[in-house]
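Below is the file run_35.csv, which contains CSV, N, CA, C and O atoms and all ligand atoms.
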```
chain,number,residue,atom,x,y,z
A,1,MET,N,-12.2,6.6,-9.3
A,1,MET,CA,-12.9,6.6,-8.0
A,1,MET,C,-14.0,7.6,-8.0
A,1,MET,O,-14.0,8.6,-8.7
A,2,SER,N,-15.0,7.4,-7.2
A,2,SER,CA,-16.2,8.3,-7.2
A,2,SER,C,-15.9,9.6,-6.5
A,2,SER,O,-14.8,9.8,-6.0
A,3,GLU,N,-16.9,10.4,-6.5
A,3,GLU,CA,-16.7,11.8,-5.9
A,3,GLU,C,-17.1,11.7,-4.4
A,3,GLU,O,-17.4,12.8,-3.8
A,4,SER,N,-17.2,10.5,-3.8
A,4,SER,CA,-17.6,10.5,-2.4
A,4,SER,C,-16.5,11.0,-1.5
A,4,SER,O,-15.4,11.2,-1.9
A,5,LYS,N,-17.0,11.4,-0.3
A,5,LYS,CA,-16.1,11.9,0.7
A,5,LYS,C,-15.9,10.8,1.8
A,5,LYS,O,-16.8,10.0,2.1
A,6,TRP,N,-14.7,10.8,2.3
A,6,TRP,CA,-14.3,9.8,3.3
A,6,TRP,C,-14.0,10.5,4.6
A,6,TRP,O,-13.4,11.5,4.7
A,7,LEU,N,-14.5,9.8,5.7
A,7,LEU,CA,-14.0,10.2,7.1
A,7,LEU,C,-12.9,9.2,7.4
A,7,LEU,O,-13.0,8.0,7.3
A,8,VAL,N,-11.7,9.8,7.6
A,8,VAL,CA,-10.5,9.0,7.8
A,8,VAL,C,-10.0,9.2,9.2
A,8,VAL,O,-9.9,10.4,9.7
A,9,THR,N,-9.7,8.1,9.9
A,9,THR,CA,-9.2,8.2,11.2
A,9,THR,C,-7.9,7.3,11.4
A,9,THR,O,-7.8,6.3,10.6
A,10,VAL,N,-7.1,7.7,12.3
A,10,VAL,CA,-5.9,6.9,12.6
A,10,VAL,C,-6.0,6.5,14.1
A,10,VAL,O,-6.1,7.4,14.9
A,11,ASP,N,-5.9,5.2,14.4
A,11,ASP,CA,-5.9,4.8,15.8
A,11,ASP,C,-4.4,5.0,16.3
A,11,ASP,O,-3.5,4.3,16.0
A,12,LYS,N,-4.3,6.0,17.2
A,12,LYS,CA,-3.0,6.3,17.7
A,12,LYS,C,-2.5,5.2,18.7
A,12,LYS,O,-1.3,5.2,19.0
A,13,GLU,N,-3.3,4.4,19.2
A,13,GLU,CA,-2.9,3.3,20.0
A,13,GLU,C,-2.1,2.3,19.1
A,13,GLU,O,-1.3,1.5,19.6
A,14,LEU,N,-2.5,2.2,17.9
A,14,LEU,CA,-1.9,1.2,17.0
A,14,LEU,C,-0.7,1.8,16.2
A,14,LEU,O,0.2,1.1,15.9
A,15,CYS,N,-0.8,3.0,15.8
A,15,CYS,CA,0.2,3.6,14.9
A,15,CYS,C,1.6,3.5,15.5
A,15,CYS,O,1.8,3.9,16.6
A,16,ILE,N,2.5,3.0,14.7
A,16,ILE,CA,3.9,2.9,15.1
A,16,ILE,C,4.8,3.9,14.5
A,16,ILE,O,6.0,3.9,14.5
A,17,GLY,N,4.2,4.9,13.7
A,17,GLY,CA,4.9,6.0,13.2
A,17,GLY,C,5.9,5.6,12.0
A,17,GLY,O,6.9,6.2,11.8
A,18,SER,N,5.5,4.6,11.3
A,18,SER,CA,6.4,4.1,10.2
A,18,SER,C,6.5,5.2,9.1
A,18,SER,O,7.5,5.2,8.4
A,19,GLY,N,5.5,6.0,9.0
A,19,GLY,CA,5.5,7.0,8.0
A,19,GLY,C,5.1,6.6,6.6
A,19,GLY,O,5.0,7.4,5.6
A,20,GLY,N,4.7,5.3,6.5
A,20,GLY,CA,4.3,4.8,5.2
A,20,GLY,C,3.1,5.5,4.6
A,20,GLY,O,3.1,5.8,3.4
A,21,CYS,N,2.2,5.8,5.4
A,21,CYS,CA,1.0,6.5,4.9
A,21,CYS,C,1.3,7.9,4.3
A,21,CYS,O,0.7,8.4,3.4
A,22,VAL,N,2.2,8.6,5.0
A,22,VAL,CA,2.6,9.9,4.6
A,22,VAL,C,3.3,9.8,3.2
A,22,VAL,O,3.2,10.7,2.4
A,23,LEU,N,4.1,8.8,3.0
A,23,LEU,CA,4.8,8.6,1.8
A,23,LEU,C,3.8,8.3,0.6
A,23,LEU,O,3.9,8.8,-0.5
A,24,ARG,N,2.9,7.4,1.0
A,24,ARG,CA,1.9,7.0,-0.1
A,24,ARG,C,0.9,8.1,-0.4
A,24,ARG,O,0.4,8.2,-1.5
A,25,ALA,N,0.5,8.8,0.6
A,25,ALA,CA,-0.6,9.8,0.4
A,25,ALA,C,-0.3,11.0,1.2
A,25,ALA,O,-1.0,11.3,2.2
A,26,PRO,N,0.7,11.8,0.8
A,26,PRO,CA,1.1,13.0,1.6
A,26,PRO,C,0.0,14.1,1.6
A,26,PRO,O,-0.1,14.9,2.5
A,27,GLU,N,-1.0,14.0,0.7
A,27,GLU,CA,-2.1,14.9,0.7
A,27,GLU,C,-3.1,14.5,1.8
A,27,GLU,O,-4.0,15.3,2.2
A,28,GLY,N,-3.0,13.3,2.3
A,28,GLY,CA,-4.0,12.8,3.2
A,28,GLY,C,-3.5,12.7,4.7
A,28,GLY,O,-4.3,12.8,5.6
A,29,PHE,N,-2.2,12.5,4.8
A,29,PHE,CA,-1.6,12.3,6.2
A,29,PHE,C,-0.4,13.1,6.4
A,29,PHE,O,0.4,13.4,5.5
A,30,GLU,N,-0.1,13.3,7.7
A,30,GLU,CA,1.1,13.9,8.1
A,30,GLU,C,1.5,13.4,9.5
A,30,GLU,O,0.6,12.8,10.2
A,31,LEU,N,2.8,13.4,9.8
A,31,LEU,CA,3.2,12.9,11.1
A,31,LEU,C,3.2,14.1,12.1
A,31,LEU,O,3.7,15.2,11.7
A,32,ASP,N,2.8,13.9,13.3
A,32,ASP,CA,2.8,14.9,14.3
A,32,ASP,C,4.1,14.9,15.1
A,32,ASP,O,5.0,14.1,14.7
A,33,GLU,N,4.3,15.7,16.1
A,33,GLU,CA,5.6,15.8,16.8
A,33,GLU,C,6.0,14.5,17.4
A,33,GLU,O,7.1,14.2,17.6
A,34,ALA,N,5.0,13.7,17.8
A,34,ALA,CA,5.2,12.4,18.4
A,34,ALA,C,5.5,11.3,17.3
A,34,ALA,O,5.5,10.1,17.7
A,35,ARG,N,5.6,11.7,16.1
A,35,ARG,CA,5.8,10.8,14.9
A,35,ARG,C,4.6,9.9,14.8
A,35,ARG,O,4.8,8.7,14.5
A,36,GLN,N,3.4,10.4,15.0
A,36,GLN,CA,2.2,9.6,14.8
A,36,GLN,C,1.5,10.2,13.7
A,36,GLN,O,1.4,11.4,13.5
A,37,SER,N,0.8,9.4,12.9
A,37,SER,CA,0.1,9.9,11.7
A,37,SER,C,-1.2,10.6,12.1
A,37,SER,O,-1.9,10.1,13.0
A,38,CYS,N,-1.5,11.6,11.4
A,38,CYS,CA,-2.7,12.4,11.6
A,38,CYS,C,-3.3,12.6,10.2
A,38,CYS,O,-2.6,13.1,9.3
A,39,PRO,N,-4.6,12.3,10.0
A,39,PRO,CA,-5.3,12.7,8.8
A,39,PRO,C,-5.2,14.3,8.7
A,39,PRO,O,-5.3,15.0,9.7
A,40,ARG,N,-4.9,14.8,7.5
A,40,ARG,CA,-4.8,16.2,7.3
A,40,ARG,C,-6.2,16.9,7.4
A,40,ARG,O,-6.2,18.1,7.6
A,41,ALA,N,-7.2,16.1,7.2
A,41,ALA,CA,-8.6,16.6,7.3
A,41,ALA,C,-9.5,15.5,7.8
A,41,ALA,O,-9.2,14.4,7.6
A,42,GLU,N,-10.5,15.9,8.6
A,42,GLU,CA,-11.5,14.9,9.1
A,42,GLU,C,-12.2,14.3,8.0
A,42,GLU,O,-12.5,13.1,8.0
A,43,VAL,N,-12.5,15.1,7.0
A,43,VAL,CA,-13.2,14.6,5.8
A,43,VAL,C,-12.4,14.9,4.6
A,43,VAL,O,-11.9,16.1,4.4
A,44,MET,N,-12.2,13.9,3.7
A,44,MET,CA,-11.4,14.2,2.5
A,44,MET,C,-12.0,13.5,1.3
A,44,MET,O,-12.8,12.5,1.5
A,45,ALA,N,-11.6,13.9,0.1
A,45,ALA,CA,-12.1,13.3,-1.1
A,45,ALA,C,-11.6,11.9,-1.2
A,45,ALA,O,-10.4,11.6,-0.8
A,46,ALA,N,-12.4,11.0,-1.6
A,46,ALA,CA,-12.0,9.6,-1.9
A,46,ALA,C,-10.8,9.6,-2.8
A,46,ALA,O,-10.8,10.3,-3.8
A,47,SER,N,-9.8,8.8,-2.5
A,47,SER,CA,-8.6,8.7,-3.4
A,47,SER,C,-8.0,7.4,-3.3
A,47,SER,O,-7.9,6.8,-2.3
A,48,GLU,N,-7.4,7.0,-4.5
A,48,GLU,CA,-6.7,5.7,-4.5
A,48,GLU,C,-5.5,5.8,-3.6
A,48,GLU,O,-5.1,4.8,-2.9
A,49,ALA,N,-4.8,6.9,-3.5
A,49,ALA,CA,-3.6,7.0,-2.7
A,49,ALA,C,-4.0,6.8,-1.2
A,49,ALA,O,-3.2,6.1,-0.5
A,50,VAL,N,-5.1,7.4,-0.7
A,50,VAL,CA,-5.4,7.2,0.7
A,50,VAL,C,-5.8,5.8,1.0
A,50,VAL,O,-5.5,5.2,2.0
A,51,LEU,N,-6.6,5.2,0.0
A,51,LEU,CA,-6.9,3.8,0.2
A,51,LEU,C,-5.7,2.9,0.2
A,51,LEU,O,-5.5,2.0,1.0
A,52,ASP,N,-4.7,3.2,-0.7
A,52,ASP,CA,-3.5,2.5,-0.8
A,52,ASP,C,-2.7,2.6,0.6
A,52,ASP,O,-2.1,1.6,1.1
A,53,ALA,N,-2.7,3.8,1.1
A,53,ALA,CA,-2.0,4.0,2.4
A,53,ALA,C,-2.7,3.1,3.5
A,53,ALA,O,-2.0,2.5,4.3
A,54,ALA,N,-4.0,3.1,3.5
A,54,ALA,CA,-4.7,2.3,4.6
A,54,ALA,C,-4.4,0.8,4.4
A,54,ALA,O,-4.1,0.1,5.3
A,55,GLU,N,-4.4,0.4,3.1
A,55,GLU,CA,-4.2,-1.0,2.9
A,55,GLU,C,-2.8,-1.5,3.2
A,55,GLU,O,-2.6,-2.6,3.5
A,56,ASN,N,-1.9,-0.5,3.2
A,56,ASN,CA,-0.5,-0.9,3.4
A,56,ASN,C,0.1,-0.5,4.8
A,56,ASN,O,1.2,-0.7,5.0
A,57,CYS,N,-0.8,0.0,5.6
A,57,CYS,CA,-0.4,0.3,7.0
A,57,CYS,C,0.0,-1.0,7.7
A,57,CYS,O,-0.9,-1.9,7.7
A,58,PRO,N,1.2,-1.1,8.2
A,58,PRO,CA,1.6,-2.4,8.8
A,58,PRO,C,0.8,-2.9,10.0
A,58,PRO,O,0.8,-4.0,10.3
A,59,VAL,N,0.1,-1.9,10.6
A,59,VAL,CA,-0.7,-2.3,11.8
A,59,VAL,C,-2.2,-2.0,11.6
A,59,VAL,O,-2.9,-2.1,12.6
A,60,GLU,N,-2.6,-1.7,10.4
A,60,GLU,CA,-4.0,-1.4,10.1
A,60,GLU,C,-4.6,-0.4,11.1
A,60,GLU,O,-5.7,-0.6,11.6
A,61,ALA,N,-3.9,0.7,11.2
A,61,ALA,CA,-4.3,1.7,12.1
A,61,ALA,C,-5.3,2.7,11.4
A,61,ALA,O,-5.9,3.5,12.1
A,62,ILE,N,-5.4,2.6,10.1
A,62,ILE,CA,-6.2,3.6,9.4
A,62,ILE,C,-7.6,3.0,9.1
A,62,ILE,O,-7.7,1.9,8.5
A,63,THR,N,-8.6,3.8,9.4
A,63,THR,CA,-10.0,3.4,9.1
A,63,THR,C,-10.6,4.4,8.1
A,63,THR,O,-10.4,5.6,8.3
A,64,ILE,N,-11.3,4.0,7.1
A,64,ILE,CA,-12.0,4.9,6.2
A,64,ILE,C,-13.5,4.5,6.2
A,64,ILE,O,-13.8,3.4,5.9
A,65,VAL,N,-14.3,5.5,6.4
A,65,VAL,CA,-15.7,5.3,6.3
A,65,VAL,C,-16.3,6.4,5.4
A,65,VAL,O,-15.9,7.5,5.4
A,66,GLU,N,-17.2,5.9,4.5
A,66,GLU,CA,-17.8,6.9,3.5
A,66,GLU,C,-18.7,7.8,4.3
A,66,GLU,O,-19.6,7.3,5.0
A,67,GLU,N,-18.5,9.1,4.0
A,67,GLU,CA,-19.4,10.1,4.7
A,67,GLU,C,-20.8,9.9,4.2
A,67,GLU,O,-21.0,9.7,3.0
A,68,GLY,N,-21.8,10.0,5.0
A,68,GLY,CA,-23.2,10.0,4.6
A,68,GLY,C,-23.7,8.6,4.7
A,68,GLY,O,-24.6,8.3,5.6
A,69,SER,N,-23.2,7.6,3.9
A,69,SER,CA,-23.7,6.3,4.0
A,69,SER,C,-23.2,5.5,5.2
A,69,SER,O,-23.9,4.6,5.6
A,70,GLY,N,-22.0,5.9,5.7
A,70,GLY,CA,-21.5,5.1,6.8
A,70,GLY,C,-20.9,3.8,6.4
A,70,GLY,O,-20.4,3.0,7.3
A,71,VAL,N,-20.8,3.6,5.1
A,71,VAL,CA,-20.2,2.3,4.7
A,71,VAL,C,-18.7,2.3,5.0
A,71,VAL,O,-18.0,3.3,4.7
A,72,VAL,N,-18.2,1.2,5.5
A,72,VAL,CA,-16.8,1.1,5.9
A,72,VAL,C,-16.0,0.7,4.6
A,72,VAL,O,-16.3,-0.4,4.0
A,73,VAL,N,-15.1,1.6,4.2
A,73,VAL,CA,-14.3,1.3,3.0
A,73,VAL,C,-13.1,0.5,3.3
A,73,VAL,O,-12.7,-0.4,2.6
A,74,PHE,N,-12.5,0.8,4.5
A,74,PHE,CA,-11.4,0.0,5.0
A,74,PHE,C,-11.3,0.1,6.5
A,74,PHE,O,-11.6,1.1,7.0
A,75,PRO,N,-11.1,-1.0,7.2
A,75,PRO,CA,-10.7,-2.3,6.7
A,75,PRO,C,-12.0,-3.1,6.1
A,75,PRO,O,-13.1,-2.9,6.7
A,76,THR,N,-11.8,-3.8,5.1
A,76,THR,CA,-12.9,-4.6,4.6
A,76,THR,C,-13.0,-5.9,5.4
A,76,THR,O,-12.0,-6.4,5.9
A,77,LEU,N,-14.2,-6.5,5.4
A,77,LEU,CA,-14.4,-7.7,6.1
A,77,LEU,C,-13.6,-8.9,5.3
A,77,LEU,O,-13.6,-8.8,4.1
A,78,PRO,N,-13.1,-9.8,6.1
A,78,PRO,CA,-12.4,-10.9,5.4
A,78,PRO,C,-13.4,-11.8,4.6
A,78,PRO,O,-14.6,-11.8,4.8
B,1,LIG,S1,1.4,3.6,7.9
B,1,LIG,FE1,0.2,3.1,9.7
B,1,LIG,S2,1.8,2.8,11.3
B,1,LIG,FE2,2.8,3.9,9.7
B,1,LIG,S3,2.5,6.1,10.2
B,1,LIG,FE3,0.8,5.6,8.9
B,1,LIG,S4,-0.9,5.0,10.3
B,1,LIG,FE4,1.1,4.9,11.5
```
Output the file's structure as structure tokens, nothing else.
Amino acid sequence: MSESKWLVTVDKELCIGSGGCVLRAPEGFELDEARQSCPRAEVMAASEAVLDAAENCPVEAITIVEEGSGVVVFPTLP
């Protein structure tokens, strides 16, 4: 994976607190007191684990945008 940086957000309206993203990418996500996922940082290094977490979120609550270019990494267009 490149050395690009990602802006990672979680839509709390969608997040059901399954914890899947925390298991897949504990360096990228944590659950808050309300059992909702929060990115550990607003900007983080691109990583397969974070992308894997976004791809496997059951409600597609995670969005990844490449910092600088603004290219949407996830969700990808169908
Ligand atoms: S995998 Fe999705 S629904 Fe589950 S805690 Fe993470 S963001 Fe929320």
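The spacing separating atom O of Ala53 in chain A from atom C of Gly19 in chain A amounts to 8.5 Å.
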>> Neighbours of ligand LIG 1 (chain B) at 8 Å or closer, counting only C-alpha atoms and all ligand atoms: which residues, as a PyMOL selection string?
In response: chain A and resi 10-12+14-22+29+31+35-38+53-54+56-62
>> Please list as number ranges by chain every residue within 8 Å of Ile64 in chain A, counting only C-alpha atoms and excluding residues in the same chain fewer than 2 positions away.
In response: A: 6-9, 51, 54, 62, 66, 72-75
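Atom pair atom C of Gly68 in chain A / atom N of Pro26 in chain A: separated by 24.9 Å.
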>> Could you pull out the strand (DSSP E) residues of range 2-78 of chain A, going by DSSP on the backbone, and write them as a ChimeraX atom specification?
In response: /A:5-10,29-31,37-39,43-45,62-66,72-74
Requested write-out: N, CA, C and O atoms of the selected residues, as a PDB file, in the coordinates of the input:
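Now in part_15.pdb:
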```pdb
ATOM      1  N   LYS A   5     -17.000  11.400  -0.300  1.00  0.00           N
ATOM      2  CA  LYS A   5     -16.100  11.900   0.700  1.00  0.00           C
ATOM      3  C   LYS A   5     -15.900  10.800   1.800  1.00  0.00           C
ATOM      4  O   LYS A   5     -16.800  10.000   2.100  1.00  0.00           O
ATOM      5  N   TRP A   6     -14.700  10.800   2.300  1.00  0.00           N
ATOM      6  CA  TRP A   6     -14.300   9.800   3.300  1.00  0.00           C
ATOM      7  C   TRP A   6     -14.000  10.500   4.600  1.00  0.00           C
ATOM      8  O   TRP A   6     -13.400  11.500   4.700  1.00  0.00           O
ATOM      9  N   LEU A   7     -14.500   9.800   5.700  1.00  0.00           N
ATOM     10  CA  LEU A   7     -14.000  10.200   7.100  1.00  0.00           C
ATOM     11  C   LEU A   7     -12.900   9.200   7.400  1.00  0.00           C
ATOM     12  O   LEU A   7     -13.000   8.000   7.300  1.00  0.00           O
ATOM     13  N   VAL A   8     -11.700   9.800   7.600  1.00  0.00           N
ATOM     14  CA  VAL A   8     -10.500   9.000   7.800  1.00  0.00           C
ATOM     15  C   VAL A   8     -10.000   9.200   9.200  1.00  0.00           C
ATOM     16  O   VAL A   8      -9.900  10.400   9.700  1.00  0.00           O
ATOM     17  N   THR A   9      -9.700   8.100   9.900  1.00  0.00           N
ATOM     18  CA  THR A   9      -9.200   8.200  11.200  1.00  0.00           C
ATOM     19  C   THR A   9      -7.900   7.300  11.400  1.00  0.00           C
ATOM     20  O   THR A   9      -7.800   6.300  10.600  1.00  0.00           O
ATOM     21  N   VAL A  10      -7.100   7.700  12.300  1.00  0.00           N
ATOM     22  CA  VAL A  10      -5.900   6.900  12.600  1.00  0.00           C
ATOM     23  C   VAL A  10      -6.000   6.500  14.100  1.00  0.00           C
ATOM     24  O   VAL A  10      -6.100   7.400  14.900  1.00  0.00           O
ATOM     25  N   PHE A  29      -2.200  12.500   4.800  1.00  0.00           N
ATOM     26  CA  PHE A  29      -1.600  12.300   6.200  1.00  0.00           C
ATOM     27  C   PHE A  29      -0.400  13.100   6.400  1.00  0.00           C
ATOM     28  O   PHE A  29       0.400  13.400   5.500  1.00  0.00           O
ATOM     29  N   GLU A  30      -0.100  13.300   7.700  1.00  0.00           N
ATOM     30  CA  GLU A  30       1.100  13.900   8.100  1.00  0.00           C
ATOM     31  C   GLU A  30       1.500  13.400   9.500  1.00  0.00           C
ATOM     32  O   GLU A  30       0.600  12.800  10.200  1.00  0.00           O
ATOM     33  N   LEU A  31       2.800  13.400   9.800  1.00  0.00           N
ATOM     34  CA  LEU A  31       3.200  12.900  11.100  1.00  0.00           C
ATOM     35  C   LEU A  31       3.200  14.100  12.100  1.00  0.00           C
ATOM     36  O   LEU A  31       3.700  15.200  11.700  1.00  0.00           O
ATOM     37  N   SER A  37       0.800   9.400  12.900  1.00  0.00           N
ATOM     38  CA  SER A  37       0.100   9.900  11.700  1.00  0.00           C
ATOM     39  C   SER A  37      -1.200  10.600  12.100  1.00  0.00           C
ATOM     40  O   SER A  37      -1.900  10.100  13.000  1.00  0.00           O
ATOM     41  N   CYS A  38      -1.500  11.600  11.400  1.00  0.00           N
ATOM     42  CA  CYS A  38      -2.700  12.400  11.600  1.00  0.00           C
ATOM     43  C   CYS A  38      -3.300  12.600  10.200  1.00  0.00           C
ATOM     44  O   CYS A  38      -2.600  13.100   9.300  1.00  0.00           O
ATOM     45  N   PRO A  39      -4.600  12.300  10.000  1.00  0.00           N
ATOM     46  CA  PRO A  39      -5.300  12.700   8.800  1.00  0.00           C
ATOM     47  C   PRO A  39      -5.200  14.300   8.700  1.00  0.00           C
ATOM     48  O   PRO A  39      -5.300  15.000   9.700  1.00  0.00           O
ATOM     49  N   VAL A  43     -12.500  15.100   7.000  1.00  0.00           N
ATOM     50  CA  VAL A  43     -13.200  14.600   5.800  1.00  0.00           C
ATOM     51  C   VAL A  43     -12.400  14.900   4.600  1.00  0.00           C
ATOM     52  O   VAL A  43     -11.900  16.100   4.400  1.00  0.00           O
ATOM     53  N   MET A  44     -12.200  13.900   3.700  1.00  0.00           N
ATOM     54  CA  MET A  44     -11.400  14.200   2.500  1.00  0.00           C
ATOM     55  C   MET A  44     -12.000  13.500   1.300  1.00  0.00           C
ATOM     56  O   MET A  44     -12.800  12.500   1.500  1.00  0.00           O
ATOM     57  N   ALA A  45     -11.600  13.900   0.100  1.00  0.00           N
ATOM     58  CA  ALA A  45     -12.100  13.300  -1.100  1.00  0.00           C
ATOM     59  C   ALA A  45     -11.600  11.900  -1.200  1.00  0.00           C
ATOM     60  O   ALA A  45     -10.400  11.600  -0.800  1.00  0.00           O
ATOM     61  N   ILE A  62      -5.400   2.600  10.100  1.00  0.00           N
ATOM     62  CA  ILE A  62      -6.200   3.600   9.400  1.00  0.00           C
ATOM     63  C   ILE A  62      -7.600   3.000   9.100  1.00  0.00           C
ATOM     64  O   ILE A  62      -7.700   1.900   8.500  1.00  0.00           O
ATOM     65  N   THR A  63      -8.600   3.800   9.400  1.00  0.00           N
ATOM     66  CA  THR A  63     -10.000   3.400   9.100  1.00  0.00           C
ATOM     67  C   THR A  63     -10.600   4.400   8.100  1.00  0.00           C
ATOM     68  O   THR A  63     -10.400   5.600   8.300  1.00  0.00           O
ATOM     69  N   ILE A  64     -11.300   4.000   7.100  1.00  0.00           N
ATOM     70  CA  ILE A  64     -12.000   4.900   6.200  1.00  0.00           C
ATOM     71  C   ILE A  64     -13.500   4.500   6.200  1.00  0.00           C
ATOM     72  O   ILE A  64     -13.800   3.400   5.900  1.00  0.00           O
ATOM     73  N   VAL A  65     -14.300   5.500   6.400  1.00  0.00           N
ATOM     74  CA  VAL A  65     -15.700   5.300   6.300  1.00  0.00           C
ATOM     75  C   VAL A  65     -16.300   6.400   5.400  1.00  0.00           C
ATOM     76  O   VAL A  65     -15.900   7.500   5.400  1.00  0.00           O
ATOM     77  N   GLU A  66     -17.200   5.900   4.500  1.00  0.00           N
ATOM     78  CA  GLU A  66     -17.800   6.900   3.500  1.00  0.00           C
ATOM     79  C   GLU A  66     -18.700   7.800   4.300  1.00  0.00           C
ATOM     80  O   GLU A  66     -19.600   7.300   5.000  1.00  0.00           O
ATOM     81  N   VAL A  72     -18.200   1.200   5.500  1.00  0.00           N
ATOM     82  CA  VAL A  72     -16.800   1.100   5.900  1.00  0.00           C
ATOM     83  C   VAL A  72     -16.000   0.700   4.600  1.00  0.00           C
ATOM     84  O   VAL A  72     -16.300  -0.400   4.000  1.00  0.00           O
ATOM     85  N   VAL A  73     -15.100   1.600   4.200  1.00  0.00           N
ATOM     86  CA  VAL A  73     -14.300   1.300   3.000  1.00  0.00           C
ATOM     87  C   VAL A  73     -13.100   0.500   3.300  1.00  0.00           C
ATOM     88  O   VAL A  73     -12.700  -0.400   2.600  1.00  0.00           O
ATOM     89  N   PHE A  74     -12.500   0.800   4.500  1.00  0.00           N
ATOM     90  CA  PHE A  74     -11.400   0.000   5.000  1.00  0.00           C
ATOM     91  C   PHE A  74     -11.300   0.100   6.500  1.00  0.00           C
ATOM     92  O   PHE A  74     -11.600   1.100   7.000  1.00  0.00           O
TER      93      PHE A  74
END
```
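The protein and nucleic acid residues lying at most 6 Å from Val50 in chain A are A:Arg24, A:Ala25, A:Ala54, A:Glu55, with only N, CA, C and O atoms considered and sequence neighbours fewer than 4 positions away removed.
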> atom C of Val71 in chain A and atom O of Ala49 in chain A are how many Å apart?
Replying inline: 16.9 Å
Some atoms are absent from range 48-54 of chain A, so rebuild all heavy atoms and return them as a CSV table (one decimal), keeping the file's coordinate frame.
```
chain,number,residue,atom,x,y,z
A,48,GLU,N,-7.4,7.0,-4.5
A,48,GLU,CA,-6.7,5.7,-4.5
A,48,GLU,C,-5.5,5.8,-3.6
A,48,GLU,O,-5.1,4.8,-2.9
A,48,GLU,CB,-6.2,5.4,-5.9
A,48,GLU,CG,-7.3,5.0,-6.9
A,48,GLU,CD,-7.9,3.6,-6.7
A,48,GLU,OE1,-7.4,2.9,-5.8
A,48,GLU,OE2,-8.9,3.3,-7.3
A,49,ALA,N,-4.8,6.9,-3.5
A,49,ALA,CA,-3.6,7.0,-2.7
A,49,ALA,C,-4.0,6.8,-1.2
A,49,ALA,O,-3.2,6.1,-0.5
A,49,ALA,CB,-3.0,8.4,-2.9
A,50,VAL,N,-5.1,7.4,-0.7
A,50,VAL,CA,-5.4,7.2,0.7
A,50,VAL,C,-5.8,5.8,1.0
A,50,VAL,O,-5.5,5.2,2.0
A,50,VAL,CB,-6.6,8.2,1.0
A,50,VAL,CG1,-7.1,7.9,2.4
A,50,VAL,CG2,-6.1,9.7,1.0
A,51,LEU,N,-6.6,5.2,0.0
A,51,LEU,CA,-6.9,3.8,0.2
A,51,LEU,C,-5.7,2.9,0.2
A,51,LEU,O,-5.5,2.0,1.0
A,51,LEU,CB,-7.9,3.3,-0.9
A,51,LEU,CG,-8.3,1.9,-0.8
A,51,LEU,CD1,-9.0,1.5,0.5
A,51,LEU,CD2,-9.2,1.5,-2.0
A,52,ASP,N,-4.7,3.2,-0.7
A,52,ASP,CA,-3.5,2.5,-0.8
A,52,ASP,C,-2.7,2.6,0.6
A,52,ASP,O,-2.1,1.6,1.1
A,52,ASP,CB,-2.6,3.1,-1.9
A,52,ASP,CG,-1.4,2.2,-2.2
A,52,ASP,OD1,-1.6,1.0,-2.3
A,52,ASP,OD2,-0.3,2.8,-2.4
A,53,ALA,N,-2.7,3.8,1.1
A,53,ALA,CA,-2.0,4.0,2.4
A,53,ALA,C,-2.7,3.1,3.5
A,53,ALA,O,-2.0,2.5,4.3
A,53,ALA,CB,-2.1,5.5,2.8
A,54,ALA,N,-4.0,3.1,3.5
A,54,ALA,CA,-4.7,2.3,4.6
A,54,ALA,C,-4.4,0.8,4.4
A,54,ALA,O,-4.1,0.1,5.3
A,54,ALA,CB,-6.2,2.6,4.5
```
